[in-house]
file model_39.tsv (TSV, C-alpha atoms and all ligand atoms)
chain	number	residue	atom	x	y	z
X	1	MET	CA	-45.68	29.97	-17.85
X	2	ARG	CA	-48.87	29.84	-15.87
X	3	LYS	CA	-52.06	28.65	-17.50
X	4	ASN	CA	-55.24	30.55	-18.09
X	5	VAL	CA	-58.19	28.59	-16.73
X	6	VAL	CA	-61.93	29.03	-16.98
X	7	ALA	CA	-63.66	26.68	-14.56
X	8	GLY	CA	-67.38	26.23	-13.97
X	9	ASN	CA	-68.73	25.45	-10.54
X	10	TRP	CA	-72.20	24.03	-10.98
X	11	LYS	CA	-72.75	23.86	-7.21
X	12	MET	CA	-75.90	21.88	-6.27
X	13	ASN	CA	-77.57	22.34	-9.64
X	14	THR	CA	-78.73	19.97	-12.40
X	15	THR	CA	-80.07	16.45	-12.24
X	16	LEU	CA	-77.88	13.83	-13.88
X	17	PRO	CA	-79.67	14.04	-17.27
X	18	GLU	CA	-79.52	17.85	-17.16
X	19	GLY	CA	-75.86	17.83	-16.20
X	20	LEU	CA	-74.99	15.36	-18.92
X	21	ALA	CA	-76.80	17.47	-21.49
X	22	LEU	CA	-74.94	20.57	-20.32
X	23	ALA	CA	-71.54	18.84	-20.42
X	24	LYS	CA	-72.22	17.32	-23.85
X	25	GLY	CA	-73.46	20.68	-25.13
X	26	LEU	CA	-70.22	22.34	-24.05
X	27	ASP	CA	-68.16	19.52	-25.51
X	28	GLU	CA	-70.01	19.91	-28.82
X	29	ALA	CA	-69.62	23.70	-28.80
X	30	LEU	CA	-65.86	23.42	-28.28
X	31	LYS	CA	-65.31	20.84	-31.02
X	32	GLY	CA	-62.98	22.15	-33.68
X	33	LYS	CA	-62.42	25.37	-31.69
X	34	THR	CA	-59.05	26.48	-30.41
X	35	VAL	CA	-59.37	28.20	-27.06
X	36	ASN	CA	-56.70	30.09	-25.16
X	37	CYS	CA	-57.39	28.63	-21.74
X	38	ASP	CA	-57.90	25.33	-19.97
X	39	VAL	CA	-61.59	24.59	-19.52
X	40	VAL	CA	-62.90	22.82	-16.43
X	41	ILE	CA	-66.41	21.94	-15.27
X	42	GLY	CA	-67.13	21.27	-11.61
X	43	THR	CA	-70.11	18.95	-11.24
X	44	PRO	CA	-71.96	17.30	-8.37
X	45	PHE	CA	-70.42	13.99	-7.23
X	46	THR	CA	-73.27	12.01	-8.78
X	47	HIS	CA	-72.41	13.28	-12.27
X	48	LEU	CA	-68.64	12.93	-12.34
X	49	ALA	CA	-68.17	9.46	-13.84
X	50	SER	CA	-70.91	9.87	-16.45
X	51	VAL	CA	-69.74	13.35	-17.45
X	52	ALA	CA	-66.11	12.25	-17.68
X	53	ALA	CA	-67.15	9.34	-19.93
X	54	ALA	CA	-69.35	11.51	-22.15
X	55	ILE	CA	-66.96	14.31	-23.07
X	56	ASP	CA	-63.46	14.77	-24.45
X	57	THR	CA	-61.58	15.15	-21.17
X	58	THR	CA	-58.45	16.26	-23.00
X	59	LYS	CA	-60.42	19.44	-23.83
X	60	ILE	CA	-62.60	19.80	-20.76
X	61	GLY	CA	-61.30	18.80	-17.35
X	62	VAL	CA	-63.78	17.52	-14.80
X	63	ALA	CA	-63.75	18.79	-11.23
X	64	ALA	CA	-65.47	17.67	-8.05
X	65	GLU	CA	-66.74	20.38	-5.73
X	66	ASN	CA	-65.48	18.90	-2.47
X	67	CYS	CA	-63.82	15.82	-1.03
X	68	ALA	CA	-63.71	14.08	2.35
X	69	ASP	CA	-61.12	14.93	4.97
X	70	HIS	CA	-60.40	11.24	5.53
X	71	ASP	CA	-58.71	8.68	3.37
X	72	LYS	CA	-61.36	5.94	3.65
X	73	GLY	CA	-63.46	4.10	6.21
X	74	ALA	CA	-66.54	4.57	8.35
X	75	TYR	CA	-67.57	8.06	7.25
X	76	THR	CA	-71.10	7.51	6.00
X	77	GLY	CA	-72.03	9.75	3.12
X	78	GLU	CA	-68.54	11.08	2.46
X	79	VAL	CA	-66.66	10.85	-0.84
X	80	SER	CA	-62.90	10.39	-0.77
X	81	ALA	CA	-60.29	11.92	-3.02
X	82	ALA	CA	-59.38	8.44	-4.28
X	83	MET	CA	-63.02	7.84	-5.24
X	84	LEU	CA	-63.08	11.13	-7.13
X	85	ALA	CA	-59.89	10.32	-9.00
X	86	SER	CA	-61.37	6.95	-9.98
X	87	THR	CA	-64.26	8.69	-11.78
X	88	GLY	CA	-61.95	10.47	-14.20
X	89	ALA	CA	-62.13	13.80	-12.35
X	90	LYS	CA	-58.82	15.66	-12.44
X	91	TYR	CA	-59.62	18.63	-10.22
X	92	VAL	CA	-61.36	19.32	-6.93
X	93	ILE	CA	-62.69	22.67	-5.73
X	94	LEU	CA	-61.74	23.10	-2.06
X	95	GLY	CA	-62.31	25.86	0.45
X	96	HIS	CA	-65.27	27.39	-1.32
X	97	SER	CA	-66.86	30.04	0.90
X	98	GLU	CA	-70.13	28.07	0.87
X	99	ARG	CA	-68.31	25.05	2.34
X	100	ARG	CA	-66.54	27.26	4.88
X	101	ALA	CA	-69.74	29.07	5.91
X	102	TYR	CA	-72.43	26.37	5.76
X	103	TYR	CA	-70.40	23.23	6.54
X	104	HIS	CA	-67.95	24.79	8.97
X	105	GLU	CA	-64.82	23.78	7.08
X	106	THR	CA	-61.88	25.16	9.00
X	107	ALA	CA	-58.38	25.95	7.78
X	108	GLU	CA	-57.22	22.71	9.41
X	109	ILE	CA	-59.86	20.57	7.69
X	110	LEU	CA	-59.02	22.22	4.37
X	111	LYS	CA	-55.33	21.53	4.88
X	112	THR	CA	-56.17	17.82	5.23
X	113	LYS	CA	-58.41	17.89	2.15
X	114	VAL	CA	-55.72	19.58	0.05
X	115	ASN	CA	-53.18	16.97	1.13
X	116	LEU	CA	-55.54	14.09	0.30
X	117	ALA	CA	-56.43	15.61	-3.07
X	118	LEU	CA	-52.76	16.00	-4.01
X	119	ALA	CA	-51.90	12.52	-2.76
X	120	ASN	CA	-54.53	11.17	-5.14
X	121	GLY	CA	-53.32	13.12	-8.15
X	122	LEU	CA	-56.12	15.70	-8.15
X	123	THR	CA	-55.47	19.39	-8.77
X	124	PRO	CA	-57.06	21.43	-5.98
X	125	ILE	CA	-58.74	24.66	-7.03
X	126	PHE	CA	-58.37	26.35	-3.66
X	127	CYS	CA	-60.78	29.19	-2.91
X	128	ILE	CA	-60.08	32.19	-0.70
X	129	GLY	CA	-61.91	35.46	-0.21
X	130	GLU	CA	-63.23	37.92	2.31
X	131	VAL	CA	-66.78	38.77	3.40
X	132	LEU	CA	-68.21	42.25	2.91
X	133	GLU	CA	-67.51	43.51	6.43
X	134	GLU	CA	-63.87	42.51	6.06
X	135	ARG	CA	-63.59	44.34	2.73
X	136	GLU	CA	-65.27	47.42	4.19
X	137	ALA	CA	-62.86	47.35	7.13
X	138	GLY	CA	-59.93	47.15	4.70
X	139	LYS	CA	-59.01	43.71	6.01
X	140	HIS	CA	-59.28	41.76	2.75
X	141	PHE	CA	-55.54	41.50	2.25
X	142	GLU	CA	-54.87	40.02	5.67
X	143	VAL	CA	-57.90	37.70	5.41
X	144	VAL	CA	-56.79	36.07	2.17
X	145	GLU	CA	-53.19	35.95	3.33
X	146	GLU	CA	-54.23	34.07	6.47
X	147	GLN	CA	-56.44	31.67	4.46
X	148	ILE	CA	-53.50	30.83	2.21
X	149	LYS	CA	-50.97	30.52	5.03
X	150	SER	CA	-53.13	28.43	7.35
X	151	SER	CA	-54.13	25.78	4.81
X	152	LEU	CA	-51.37	25.74	2.21
X	153	PHE	CA	-48.03	26.90	3.56
X	154	GLU	CA	-46.98	23.54	4.92
X	155	LEU	CA	-46.97	22.13	1.39
X	156	SER	CA	-43.69	21.36	-0.30
X	157	THR	CA	-42.73	23.69	-3.14
X	158	GLU	CA	-43.44	20.88	-5.58
X	159	ASP	CA	-46.95	20.32	-4.23
X	160	PHE	CA	-47.76	24.02	-3.97
X	161	GLY	CA	-46.84	24.28	-7.64
X	162	LYS	CA	-49.72	21.91	-8.49
X	163	LEU	CA	-52.45	24.14	-7.03
X	164	ILE	CA	-54.78	26.58	-8.69
X	165	LEU	CA	-55.95	29.45	-6.48
X	166	ALA	CA	-59.31	31.16	-6.84
X	167	TYR	CA	-59.99	34.53	-5.26
X	168	GLU	CA	-63.71	34.78	-4.63
X	169	PRO	CA	-64.89	37.76	-2.61
X	170	VAL	CA	-67.93	36.43	-0.77
X	171	TRP	CA	-69.85	39.66	-1.39
X	172	ALA	CA	-69.59	39.09	-5.13
X	173	ILE	CA	-70.77	35.46	-5.20
X	174	GLY	CA	-74.22	35.11	-6.70
X	175	THR	CA	-74.98	38.76	-6.01
X	176	GLY	CA	-74.49	40.23	-9.46
X	177	LYS	CA	-71.98	42.59	-7.81
X	178	THR	CA	-68.57	41.89	-9.35
X	179	ALA	CA	-65.27	43.14	-8.03
X	180	THR	CA	-63.98	45.70	-10.48
X	181	ALA	CA	-61.11	44.58	-12.65
X	182	ASP	CA	-58.85	46.95	-10.69
X	183	GLN	CA	-59.98	45.51	-7.35
X	184	ALA	CA	-59.34	42.00	-8.65
X	185	GLN	CA	-55.93	42.92	-10.02
X	186	GLU	CA	-54.92	44.62	-6.77
X	187	ILE	CA	-55.64	41.61	-4.59
X	188	HIS	CA	-54.44	39.01	-7.12
X	189	ALA	CA	-51.10	40.82	-7.24
X	190	TYR	CA	-51.05	40.77	-3.45
X	191	ILE	CA	-51.81	37.03	-3.37
X	192	ARG	CA	-48.98	36.41	-5.81
X	193	LYS	CA	-46.66	38.43	-3.57
X	194	VAL	CA	-47.65	36.34	-0.55
X	195	VAL	CA	-46.91	33.17	-2.52
X	196	ALA	CA	-43.58	34.59	-3.73
X	197	GLY	CA	-42.63	35.42	-0.13
X	198	LYS	CA	-42.91	31.76	0.83
X	199	TYR	CA	-42.14	29.75	-2.33
X	200	GLY	CA	-40.16	32.21	-4.45
X	201	GLN	CA	-40.99	34.35	-7.45
X	202	ALA	CA	-40.81	31.54	-10.02
X	203	VAL	CA	-43.46	29.46	-8.22
X	204	ALA	CA	-45.63	32.56	-7.74
X	205	ASP	CA	-45.30	33.47	-11.41
X	206	ASP	CA	-46.39	29.96	-12.42
X	207	CYS	CA	-49.44	29.91	-10.12
X	208	SER	CA	-52.79	30.43	-11.83
X	209	ILE	CA	-55.02	32.73	-9.78
X	210	LEU	CA	-58.66	32.76	-10.89
X	211	TYR	CA	-61.29	35.35	-10.07
X	212	GLY	CA	-64.78	34.24	-9.02
X	213	GLY	CA	-67.93	36.14	-8.13
X	214	SER	CA	-70.59	37.19	-10.64
X	215	CYS	CA	-68.17	36.77	-13.51
X	216	ASN	CA	-70.07	36.69	-16.79
X	217	ALA	CA	-69.79	37.27	-20.52
X	218	SER	CA	-69.96	41.06	-20.09
X	219	ASN	CA	-67.20	41.48	-17.52
X	220	ALA	CA	-64.90	38.51	-18.20
X	221	GLU	CA	-62.80	40.15	-20.86
X	222	GLU	CA	-61.94	43.15	-18.71
X	223	LEU	CA	-61.19	41.00	-15.66
X	224	PHE	CA	-59.04	38.57	-17.66
X	225	SER	CA	-57.11	41.43	-19.27
X	226	LYS	CA	-55.47	42.16	-15.92
X	227	ALA	CA	-51.93	40.90	-15.50
X	228	ASP	CA	-52.56	38.79	-12.40
X	229	VAL	CA	-56.04	37.50	-13.25
X	230	ASP	CA	-55.49	34.14	-14.91
X	231	GLY	CA	-59.09	33.16	-15.47
X	232	GLY	CA	-62.34	32.64	-13.67
X	233	LEU	CA	-64.29	30.33	-11.40
X	234	ILE	CA	-67.80	30.70	-12.68
X	235	GLY	CA	-70.98	29.81	-10.82
X	236	GLY	CA	-74.33	30.82	-12.31
X	237	ALA	CA	-72.99	31.59	-15.77
X	238	SER	CA	-71.51	28.08	-16.09
X	239	LEU	CA	-74.99	26.54	-16.08
X	240	SER	CA	-75.67	27.21	-19.74
X	241	VAL	CA	-73.42	26.79	-22.76
X	242	ASP	CA	-74.61	30.13	-24.13
X	243	LYS	CA	-73.37	31.96	-21.05
X	244	PHE	CA	-70.24	29.90	-20.35
X	245	LEU	CA	-68.77	29.76	-23.86
X	246	PRO	CA	-68.30	33.54	-24.24
X	247	ILE	CA	-66.41	33.56	-20.92
X	248	ILE	CA	-64.07	30.86	-22.26
X	249	GLU	CA	-63.70	32.89	-25.43
X	250	ALA	CA	-62.90	36.05	-23.47
X	251	PHE	CA	-59.28	34.83	-23.55
P	1	LIG	P1	-71.34	33.16	-9.23
P	1	LIG	O1	-70.57	33.19	-10.53
P	1	LIG	O2	-72.72	32.57	-9.38
P	1	LIG	O3	-71.32	34.47	-8.53
P	1	LIG	O4	-70.58	32.12	-8.27
P	1	LIG	C1	-69.21	32.23	-8.14
P	1	LIG	C2	-68.72	31.04	-7.41
P	1	LIG	O5	-69.01	30.88	-6.24
P	1	LIG	C3	-67.91	30.07	-8.13
P	1	LIG	O6	-67.31	29.17	-7.28

call {"tool": "encode", "arguments": {"input": "model_39.tsv", "output": "structure tokens"}}
result
Amino acid sequence: MRKNVVAGNWKMNTTLPEGLALAKGLDEALKGKTVNCDVVIGTPFTHLASVAAAIDTTKIGVAAENCADHDKGAYTGEVSAAMLASTGAKYVILGHSERRAYYHETAEILKTKVNLALANGLTPIFCIGEVLEEREAGKHFEVVEEQIKSSLFELSTEDFGKLILAYEPVWAIGTGKTATADQAQEIHAYIRKVVAGKYGQAVADDCSILYGGSCNASNAEELFSKADVDGGLIGGASLSVDKFLPIIEAF
């Protein structure tokens, strides 16, 4: 059975003391609570080791927000998947639309990053999603299908089975404009069909597909009630315990 997952993506927010306080606050808030989903927090590189040491990582998984597309070597300023794994991080967000748009990450680069993440025992949270013009032109299905095929479909069945997918329509990210639960369900079901076409129904049924884009305490429950929406990748609302906890509890 696939897992429900609520993952925060802090993006480039919080200093180290602020991030530690946020992570510890969440850890404290979850103590003694039983939740019906896996909880993950995606922090800046600089926070990973300290956050992983400060919280109960059996209850809250730690994610990086990117990794290098090389194994090691003379790549000044880059952070490798092996380095991330050595901090205690268990996940890495890859293919976020902000990385694709602002840092020109191509399908080919992302394929390499996914491979390196998996080779180092990290679970990629792989993001896909269309921009507004593509949605308005009715091209969202083909856009996400191509994003999946071009970066992921050379993986073995075993490796594909380790991924988490996150559908994040770019027009909904940070805009306060959420996809409706029906829009999310429609495309999540399509994504699962695309996966089933390549890896078989069992693999598709086991694949967690998260929704991201202005997901918050008021809309999470409706989104998560949909059959093919297995959780959320949360930006802004993951930056405070008060806003993030109700999303976790929406399951
Ligand atoms: P918001 O929740 O701030 O819209 O961001 C979503 C996102 O990009 C998560 O990766």

call {"tool": "atom_distance", "arguments": {"input": "model_39.tsv", "atom1": "CA of Glu18 in chain X", "atom2": "CA of Ile234 in chain X"}}
result
18.0 Å

call {"tool": "closest_residue", "arguments": {"input": "model_39.tsv", "among": "X:Met1, X:Ala250, X:Cys215, X:Ala64", "to": "ligand LIG 1 (chain P)", "atoms": "all atoms listed in the file"}}
result
X:Cys215

call {"tool": "residues_near_ligand", "arguments": {"input": "model_39.tsv", "ligand": "ligand LIG 1 (chain P)", "cutoff": "8 Å", "atoms": "all atoms listed in the file", "output": "count of residues only"}}
result
27

call {"tool": "atom_distance", "arguments": {"input": "model_39.tsv", "atom1": "CA of Lys149 in chain X", "atom2": "CA of Asp228 in chain X"}}
result
19.4 Å

call {"tool": "atom_distance", "arguments": {"input": "model_39.tsv", "atom1": "CA of Val203 in chain X", "atom2": "CA of Gly161 in chain X"}}
result
6.2 Å

call {"tool": "closest_residue", "arguments": {"input": "model_39.tsv", "among": "X:Glu146, X:Glu130, X:Asp56, X:Glu65", "to": "Leu26 in chain X", "atoms": "all atoms listed in the file"}}
result
X:Asp56

call {"tool": "residues_near_point", "arguments": {"input": "model_39.tsv", "point": "(-64.3, 34.6, -22.7)", "cutoff": "9 Å", "atoms": "all atoms listed in the file", "output": "list in words"}}
result
Val6, Asn216, Ala217, Ser218, Ala220, Glu221, Phe224, Phe244, Leu245, Pro246, Ile247, Ile248, Glu249, Ala250 and Phe251 of chain X

call {"tool": "closest_residue", "arguments": {"input": "model_39.tsv", "among": "X:Ile209, X:Ala68, X:Met83, X:Cys37", "to": "Asn4 in chain X", "atoms": "all atoms listed in the file"}}
result
X:Cys37
